[in-house]
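Report on one structure; see the data block that follows.
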Amino acid sequence: MLSGCNRSGGQGITLAVGGAPNEITVWEQLAESWTIRSGVEVNIMRQPTDTDLRRQGLIIPLKSQQRDPDLFLMDVAWVAQFAASGWLEPLDRYAAPGTIDTTAFFTNILEQVDRREGRLIAMPVYLDCGLLYYRRDLLEKYGYTSAPETWYELVAMAVKVQALERAERPQFYGFVWQGAQYEGLVCNFLEFAGSAGGGLAFENGQVRADTPANLMAARFMHGLIYDSKVSPPNTFTEMREEEVRAVFQQGDALFERNWPYAWSLHQREGSPVKDKVGVALLPHFPGGHSVATLGGWHIGVSVYSNCKEEAAGLLAHIVSDSVQVTFAERLGWNPARRDLYDRRELQEKLPHLDVLRAGFAAAVARPNLPYYTQLSEPIQRYLNGALSGELTPDAALEKIENEMQQVVERYGRE
Ligand code: GLC
């Protein structure tokens, strides 16, 4: 069949991806090898790391019905919005047996995120959950035998190690996490809050965000910067995934909250923290339990693509067994395929696979709603305001609840 999509004179297909530089490298290699194998030219459209910017970068071409990109990665937080906007080509007709084997994937994820009105509109590429990275060497040096279980233990350890390490490294901090005004802040907040028994609740059309547990979490986050001072003042201006990772990787922090991808970078040749890092579940408040926000990225084909067949072919390849193993080994990505967690060779390469599995089991999803980003926006804005000292944590939560309530009333009945 002749189409404008294959190599001989065709325009090829465009795949939009983002992330850390090493992730882009892996995507570029994958594109090249797929072209050799299938004859379809694959152009990589590079997007930033910040999920909000990536979403905006896709909405523009989709709203104007551009045929590029043909397929793209989507944050689990906005798949519902893209699906409700009618931007995702149903994949069922391409999912002939042996093409996309949906049975190998986590059924709950597929049902909640990737199927809409009975049709498959996306596939999970990898799953994310928040983790605690710690410096094993420094904990040992200061006589600690294990990672902290509660947030208060974390602060106590961070205060001590920070004070002593600063003799040599004045820029050293106890704990780095994502506090800038963007989606990552919401993910961090849901973990602090969830581990105090809080979170976002929707009961009979009522939003509950201004609760004692959430307040405890917001005050604690504030206190990390201003009371114990174990987190840097630029937490609320600059700290996104990559900024946080860089500080920890340079050897300038004891604890780091980040997603699984940080592991392979910390362990890379030349990394100052190579072989010094441990991975644990995030701490919790006394009486609570560890909570990780469920993140992850899914892939879909644009309804406006004029190379849907070719795009779906590449999609099937990306979620195939062998590519998922490559992602896990080279990027530390949590496979979306359930069957890979018991693979011996993967367990050897990712010694913390069991922690990942446990983190994933304790993961809490954000509301899977087409208007989720509208709910997230006031959380980002007011919580960041509380971290910058513009308003108190109490006032921030009150405003968050009010604005979320308005959003639910505006969109909730659709
Ligand atoms: C990660 C997660 C994603 C989350 C984002 C926040 O990319 O996979 O779900 O929204 O971080 O920064």
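Ordering of the structure tokens sets the chain letters (A, B, ...), residue numbers begin anew at 1 in every chain, and ligands are numbered from 1 in the order given.
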Requested in this report: Could you please extract the residues within 9 Å of ligand 1, counting only C-alpha atoms and all ligand atoms, and hand them back as number ranges by chain?
Outcome: A: 19, 49-52, 74-78, 126-130, 178, 182-188, 240-241, 258-259, 293-297, 366
Query - Residues within 9 Å of segment 153-166 of chain A, only C-alpha atoms, excluding chain neighbours under 4 positions, as a ChimeraX atom specification - result: /A:138-139,142,144,147-149,170-175,224,228-230,253-255,283
**Report entry** Distance criterion (only C-alpha atoms): nearest to Thr145 of chain A out of A:Gly278, A:Glu409, A:Asn334, A:Pro367
**Finding:** A:Gly278
Query raised in the report: Of the candidates A:Trp263, A:Phe248, A:Phe202, A:Phe360, which shows the shortest atom-to-atom distance to Leu375 of chain A, using only C-alpha atoms?
Result: A:Phe202
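The closest residue to Ala246 of chain A, picked from A:Arg37, A:Ser231, A:Arg344, A:Ala20 and counting only C-alpha atoms, is A:Ala20.
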